[in-house]
Amino acid sequence: MTNKSQTSTEVLFVFPLGPHMAIYSFQARSEDAKVHAVLQDEVQQPHEATGGWENLEYLRDQSEYPGEAFACFLGTLSPGREVVVTLRYVQELPREPDGAARFVLSPTLNPYGTLYVWNCRTSKLHYSLLLTASLQSPRGVVDVQANFALTPLIYTAQDHSTAQAPLLQVSLAGSPQCHHDLELLVYYGDPTAVSAVVEKGDPEAPPGSLLGDPMVLVTLAPSIPEAVPGQRQSGEFIFLLNTTFLEHAQDSLLFLLKSLPLGCYFNIYCYEETSVGIYSQSVEYTQDNLTEAMRRIPSTGSSLGDSNLLETLRSVYNTPRPHRHPRQLFIFMAGLPPDVEAIAAEVCRHRNSHRCFSFCFSEDSAALAMALAKETGGEAAYVSSDSSRSLVVLKCLKQALKPAAEGVSLSWTLPRGLEVEVLGGTPQSIFQGQHNLLYAQIHGQAQDTTVAKGVMTLQYSLDGQDVTYTIEFPLCPQGDGRLAGHRLAARCLMKRLLPESVSGSGEEPRHRAVEISLTSGIICPFTSYVGVRTPQRVTWYQRPLALLPPRQSLIPCQIVELRGSRISSCYPKSIWVPPGWLTAVRASWLALRQLTHDIAALPQRRACSKACKPPPPLFSSLKYVDPMEFGLCSSTLWRWCPEAAAKCQELVALQNADGSWALSSGLASVLEVDEDEIKGKMPDEVMEPSIWATVMAVTWLHRHDEYYQDLCELLEAKAVTWLCSQAVSQLDKCLETANTLLGSSVKPSVFRL
């Protein structure tokens with residue numbers, strides 16, 4: 001950056017932090033001085049800047065968009081002088097549904113809508129950008145796509161395992177304020193695969209240390225086929241309900257329980273009543289167990305007990321789960337529960353054994369809900385209205401019903417003298433579409449690693465069948481010396497240490513986290529930045545003749561939470577809470593967008609005095625979230641009609657666990673057809689009245705599919721599956737008669753005919 005003005009100007013460098021991003025090195029150099037960021041233990045805090053904080057405060061208050069950013073005050077830049085900034089970071093790239101790795105250019109290098117290389121006095125920045133991407137994968141690089149012009153991919157290895165993508169120069173001068181992020185999509189040889197790559201350690205680090213020993217980067221993305229809707233499916237579904245949900249969301253609970261598939265297990269906890277479930281442990285999903293569960297659930301929460309969410313979670317985790325049934329929790333929160341710090345730590349401690357789908361009904365619990373979901377690979381939603389509640393919850397259930405590889409285990413075969421340690425453990429389940437990146441460190445000494453090879457074996461169960469992957473990989477370490485894999489592993493390990501550090505497990509976890517942070521250069525909740533400014537010019541004195549060393553000074557340098565002052569029509573407002581501690585705004589918004597498909601136009605941000613509440617002094621990863629910025633609008637989710645909703649709820653209440661309906665007066669009342677007429681019109685070919693009743697119910701739902709298409713999708717799939725297993729030959733005649741009786745025109749394809 002060059003100061004082309006006629007006056008000196010103050011410069012503040014700002015770098016927004018993207019999803020799963022970790023900065024490990026920063027320095028800025030000009031003719032006058034050099035600035036570099038240094039990590040320090042927050043408890044000791046031997047160094048602290050004395051001036052320049054007003055610039056960071058101004059940035060925090062006046063930034064246009066919210067999120068977390070690295071900010072460093074670089075001081076005053078004289079006219080005509082230039083400052084060169086070098087920042088290094090590592091990042092786990094998110095995956096698209098088709099398996100592509102997605103890279104988004106930082107707004108610092110693509111500054112639209114706001115100025116991130118920030119001049120405290122001016123607001124203009126003109127420059128061009130030339131970017132080159134170096135790609136490497138043992139599975140091969142197939143293609144690179146971008147939303148801007150780029151040159152053809154150049155392969156630098158015959159097996160296409162390495163490639164160069166020289167991107168065309170992008171002019172950012174005078175660019176319109178509203179345009180898209182610069183995005184890069186990288187496609188690999190097999191998006192659903194298992195791979196292992198060894199990265200060499202730092203030769204200057206002591207052997208046996210985190211940075212000193214080689215690191216294996218393991219990708220687990222096995223191919224898992226789609227599940228057929230409505231069929232039997234494994235899984236353990238545990239619902240943790242609070243009193244608000246019990247009082248105001250009985251309909252949502254009804255849809256949830258009725259939509260579960262046969263073959264799964266379930267349990268329900270009313271955690272403000274008691275920490276014990278309605279069953280001592282999860283039970284199989286059958287009609288009898290479902291009926292008993294509905295009977296035991298209290299209709300209101302008037303008799304509050306002394307239990308809380310933390311005690312209930314501990315009770316759940318202490319209960320064994322059914323064999324080969326992946327555990328998934330549905331947590332409902334109306335307000336901020338007590339012991340938030342301990343709750344987050346407890347969930348993090350068990351992150352490898354389950355997923356959380358969390359729902360909040362108030363602003364103050366939104367951050368916790370998102371944090372719990374992100375830590376475990378689940379989803380979170382803010383329920384803004386009664387009319388959208390059931391649909392939002394069912395959308396999460398559809399995500400939870402994706403098939404999974406269960407009983408995941410890794411084993412290793414290495415030359416004598418070597419052993420492997422998987423940092424953070426191995427997940428017990430891998431769900432369809434998930435890409436799990438694990439870090440395993442190789443300890444010990446082998447005779448010759450340049451020719452030796454290792455073997456990694458992945459085993460899991462899928463639909464009751466045992467599956468085994470065997471991967472052979474060379475032990476000759478690779479890498480360019482930047483230790484990207486090691487630093488990502490350090491970030492992962494610090495996340496694992498965090499729950500122990502905040503849950504009273506002694507000082508050892510905290511000391512270990514601080515040690516890893518200081519050696520890897522990656523910040524953690526127990527360390528902080530300080531900027532060290534060293535003058536480039538030295539001072540000479542004539543008497544006596546001496547060369548004095550440069551005098552260092554401390555300047556502000558820290559992670560700043562930008563509050564955001566407005567919403568741009570081209571820049572989506574984000575719900576923001578990190579899965580660990582340092583992450584960006586967009587991750588949560590993208591997850592929510594994928595979950596709900598259609599989010600209403602975002603409202604104008606409320607006054608800063610209300611929206612910019614400081615984060616509570618709780619778990620380090622929890623930040624304030626304003627749910628009003630991503631509130632779900634019922635009119636865009638489905639056409640809400642109270643009368644139709646009541647009819648639908650009555651019909652769902654009559655459905656059996658296997659998906660069928662019994663021919664009864666209650667069903668006739670919902671269908672608004674006389675019971676005798678229904679019985680009289682039953683085709684002669686039908687031997688079982690429940691078959692005829694179920695065809696009538698499904699036909700009625702499709703007659704009103706403008707209201708029920710999304711809400712009853714899972715219920716209908718289960719009903720059709722039951723029909724196909726009972727009487728395929730009778731369905732044509734049943735459908736024809738049902739259409740005549742109900743005055744509808746439902747097509748045979750609805751019944752898979």
# chains A, B, ... in the order shown; residues from 1 in each chain; ligands from 1

$ residues_around --residues "A:Glu685" --least-positions-apart "4" --cutoff "10 Å" --atoms "only C-alpha atoms" --output "number ranges by chain"
A: 727, 729-731, 733-734

$ residues_around --residues "A:Pro138" --least-positions-apart "6" --cutoff "10 Å" --atoms "only C-alpha atoms" --output "list in words"
Asp159, His160, Ser161, Thr162, Tyr188, Gly189, Ser195, Ala196, Val197 and Phe473 of chain A

$ closest_residue --among "A:Phe751, A:Phe357, A:Tyr382, A:Tyr24" --to "A:Thr519" --atoms "only C-alpha atoms"
A:Tyr24

$ select_by_dssp --residues "stretch 341-423 of chain A" --states "strand (DSSP E or B)" --output "VMD selection string"
chain A and resid 354 to 360 379 to 382 404 to 413 418 to 423

$ write_last_selection --atoms "N, CA and C atoms" --output "PDB file, in the first residue's frame"
ATOM      1  N   HIS A 354     -21.808 -38.084  18.777  1.00  0.00           N
ATOM      2  CA  HIS A 354     -23.181 -37.709  18.469  1.00  0.00           C
ATOM      3  C   HIS A 354     -23.222 -36.420  17.664  1.00  0.00           C
ATOM      4  N   ARG A 355     -24.418 -36.086  17.191  1.00  0.00           N
ATOM      5  CA  ARG A 355     -24.682 -34.790  16.561  1.00  0.00           C
ATOM      6  C   ARG A 355     -25.793 -34.084  17.336  1.00  0.00           C
ATOM      7  N   CYS A 356     -25.724 -32.743  17.347  1.00  0.00           N
ATOM      8  CA  CYS A 356     -26.755 -31.931  17.993  1.00  0.00           C
ATOM      9  C   CYS A 356     -27.501 -31.115  16.946  1.00  0.00           C
ATOM     10  N   PHE A 357     -28.804 -31.157  17.022  1.00  0.00           N
ATOM     11  CA  PHE A 357     -29.665 -30.248  16.269  1.00  0.00           C
ATOM     12  C   PHE A 357     -30.353 -29.373  17.308  1.00  0.00           C
ATOM     13  N   SER A 358     -30.012 -28.091  17.310  1.00  0.00           N
ATOM     14  CA  SER A 358     -30.462 -27.216  18.392  1.00  0.00           C
ATOM     15  C   SER A 358     -31.375 -26.118  17.849  1.00  0.00           C
ATOM     16  N   PHE A 359     -32.365 -25.772  18.660  1.00  0.00           N
ATOM     17  CA  PHE A 359     -33.383 -24.802  18.278  1.00  0.00           C
ATOM     18  C   PHE A 359     -33.542 -23.787  19.407  1.00  0.00           C
ATOM     19  N   CYS A 360     -33.545 -22.522  19.046  1.00  0.00           N
ATOM     20  CA  CYS A 360     -33.708 -21.477  20.058  1.00  0.00           C
ATOM     21  C   CYS A 360     -34.965 -20.673  19.741  1.00  0.00           C
ATOM     22  N   GLU A 379     -27.057 -29.111  12.962  1.00  0.00           N
ATOM     23  CA  GLU A 379     -27.661 -27.891  12.427  1.00  0.00           C
ATOM     24  C   GLU A 379     -28.323 -27.133  13.575  1.00  0.00           C
ATOM     25  N   ALA A 380     -28.544 -25.841  13.347  1.00  0.00           N
ATOM     26  CA  ALA A 380     -29.219 -25.014  14.333  1.00  0.00           C
ATOM     27  C   ALA A 380     -30.215 -24.108  13.622  1.00  0.00           C
ATOM     28  N   ALA A 381     -31.253 -23.711  14.338  1.00  0.00           N
ATOM     29  CA  ALA A 381     -32.261 -22.837  13.752  1.00  0.00           C
ATOM     30  C   ALA A 381     -32.863 -21.961  14.829  1.00  0.00           C
ATOM     31  N   TYR A 382     -33.191 -20.744  14.442  1.00  0.00           N
ATOM     32  CA  TYR A 382     -33.926 -19.830  15.309  1.00  0.00           C
ATOM     33  C   TYR A 382     -35.378 -19.833  14.856  1.00  0.00           C
ATOM     34  N   ALA A 404     -25.826 -43.118   7.583  1.00  0.00           N
ATOM     35  CA  ALA A 404     -24.512 -42.910   8.190  1.00  0.00           C
ATOM     36  C   ALA A 404     -23.740 -44.210   8.238  1.00  0.00           C
ATOM     37  N   ALA A 405     -22.418 -44.061   8.154  1.00  0.00           N
ATOM     38  CA  ALA A 405     -21.507 -45.160   8.447  1.00  0.00           C
ATOM     39  C   ALA A 405     -21.315 -45.189   9.956  1.00  0.00           C
ATOM     40  N   GLU A 406     -21.562 -46.325  10.564  1.00  0.00           N
ATOM     41  CA  GLU A 406     -21.566 -46.432  12.017  1.00  0.00           C
ATOM     42  C   GLU A 406     -20.439 -47.355  12.470  1.00  0.00           C
ATOM     43  N   GLY A 407     -19.992 -47.150  13.718  1.00  0.00           N
ATOM     44  CA  GLY A 407     -18.915 -47.978  14.251  1.00  0.00           C
ATOM     45  C   GLY A 407     -17.591 -47.736  13.562  1.00  0.00           C
ATOM     46  N   VAL A 408     -17.290 -46.459  13.277  1.00  0.00           N
ATOM     47  CA  VAL A 408     -16.071 -46.109  12.538  1.00  0.00           C
ATOM     48  C   VAL A 408     -14.839 -46.373  13.407  1.00  0.00           C
ATOM     49  N   SER A 409     -13.834 -46.998  12.810  1.00  0.00           N
ATOM     50  CA  SER A 409     -12.571 -47.235  13.511  1.00  0.00           C
ATOM     51  C   SER A 409     -11.419 -47.157  12.521  1.00  0.00           C
ATOM     52  N   LEU A 410     -10.264 -46.712  13.005  1.00  0.00           N
ATOM     53  CA  LEU A 410      -9.035 -46.638  12.205  1.00  0.00           C
ATOM     54  C   LEU A 410      -7.971 -47.516  12.843  1.00  0.00           C
ATOM     55  N   SER A 411      -7.249 -48.243  12.028  1.00  0.00           N
ATOM     56  CA  SER A 411      -6.097 -49.013  12.506  1.00  0.00           C
ATOM     57  C   SER A 411      -4.923 -48.752  11.569  1.00  0.00           C
ATOM     58  N   TRP A 412      -3.713 -48.920  12.094  1.00  0.00           N
ATOM     59  CA  TRP A 412      -2.509 -48.530  11.368  1.00  0.00           C
ATOM     60  C   TRP A 412      -1.492 -49.673  11.380  1.00  0.00           C
ATOM     61  N   THR A 413      -0.795 -49.808  10.263  1.00  0.00           N
ATOM     62  CA  THR A 413       0.331 -50.733  10.155  1.00  0.00           C
ATOM     63  C   THR A 413       1.539 -49.943   9.663  1.00  0.00           C
ATOM     64  N   LEU A 418       7.775 -47.108  14.703  1.00  0.00           N
ATOM     65  CA  LEU A 418       6.857 -45.994  14.499  1.00  0.00           C
ATOM     66  C   LEU A 418       5.488 -46.328  15.088  1.00  0.00           C
ATOM     67  N   GLU A 419       4.810 -45.315  15.577  1.00  0.00           N
ATOM     68  CA  GLU A 419       3.449 -45.453  16.064  1.00  0.00           C
ATOM     69  C   GLU A 419       2.673 -44.191  15.729  1.00  0.00           C
ATOM     70  N   VAL A 420       1.337 -44.308  15.726  1.00  0.00           N
ATOM     71  CA  VAL A 420       0.465 -43.210  15.307  1.00  0.00           C
ATOM     72  C   VAL A 420      -0.449 -42.808  16.456  1.00  0.00           C
ATOM     73  N   GLU A 421      -0.628 -41.495  16.624  1.00  0.00           N
ATOM     74  CA  GLU A 421      -1.571 -40.938  17.592  1.00  0.00           C
ATOM     75  C   GLU A 421      -2.555 -40.047  16.841  1.00  0.00           C
ATOM     76  N   VAL A 422      -3.845 -40.399  16.879  1.00  0.00           N
ATOM     77  CA  VAL A 422      -4.885 -39.591  16.234  1.00  0.00           C
ATOM     78  C   VAL A 422      -5.274 -38.473  17.195  1.00  0.00           C
ATOM     79  N   LEU A 423      -4.991 -37.248  16.809  1.00  0.00           N
ATOM     80  CA  LEU A 423      -5.263 -36.100  17.674  1.00  0.00           C
ATOM     81  C   LEU A 423      -6.762 -35.799  17.685  1.00  0.00           C
TER      82      LEU A 423
END

$ closest_residue --among "A:Pro535, A:Pro16, A:Gly433, A:Gly521" --to "A:Arg482" --atoms "only C-alpha atoms"
A:Gly521

$ atom_distance --atom1 "atom CA of A:Thr86" --atom2 "atom CA of A:Ser25"
7.9 Å

$ residues_around --residues "A:Val283" --least-positions-apart "6" --cutoff "8 Å" --atoms "only C-alpha atoms" --output "list in words"
Tyr265, Phe266, Asn267 and Asn289 of chain A

$ atom_distance --atom1 "atom CA of A:Leu87" --atom2 "atom CA of A:His36"
9.8 Å

$ closest_residue --among "A:Leu74, A:Ala697, A:Leu185, A:Leu562" --to "A:Leu741" --atoms "only C-alpha atoms"
A:Ala697

$ residues_around --residues "A:Val228" --least-positions-apart "6" --cutoff "10 Å" --atoms "only C-alpha atoms" --output "list of chain:residue names"
A:Lys402, A:Pro403, A:Ala717, A:Lys718, A:Thr721

$ write_last_selection --atoms "N, CA, C and O atoms" --output "short mmCIF file (atom, residue, chain, number, x, y, z; two decimals), in the first residue's frame"
data_model
loop_
_atom_site.label_atom_id
_atom_site.label_comp_id
_atom_site.auth_asym_id
_atom_site.auth_seq_id
_atom_site.Cartn_x
_atom_site.Cartn_y
_atom_site.Cartn_z
N LYS A 402 -30.35 -38.61 7.19
CA LYS A 402 -29.39 -39.06 6.19
C LYS A 402 -28.65 -40.29 6.70
O LYS A 402 -28.31 -40.38 7.88
N PRO A 403 -28.41 -41.26 5.83
CA PRO A 403 -27.75 -42.49 6.29
C PRO A 403 -26.33 -42.22 6.76
O PRO A 403 -25.71 -41.22 6.39
N ALA A 717 -44.16 -40.48 3.02
CA ALA A 717 -43.22 -41.49 2.53
C ALA A 717 -43.35 -42.78 3.34
O ALA A 717 -43.29 -43.89 2.79
N LYS A 718 -43.51 -42.63 4.65
CA LYS A 718 -43.67 -43.81 5.49
C LYS A 718 -44.98 -44.53 5.17
O LYS A 718 -45.03 -45.77 5.14
N THR A 721 -44.64 -46.35 1.77
CA THR A 721 -43.81 -47.55 1.95
C THR A 721 -44.62 -48.68 2.58
O THR A 721 -44.51 -49.84 2.16
#

$ select_by_dssp --residues "stretch 324-530 of chain A" --states "alpha helix (DSSP H)" --output "PyMOL selection string"
chain A and resi 340-349+366-376+386-400+484-502+508-520
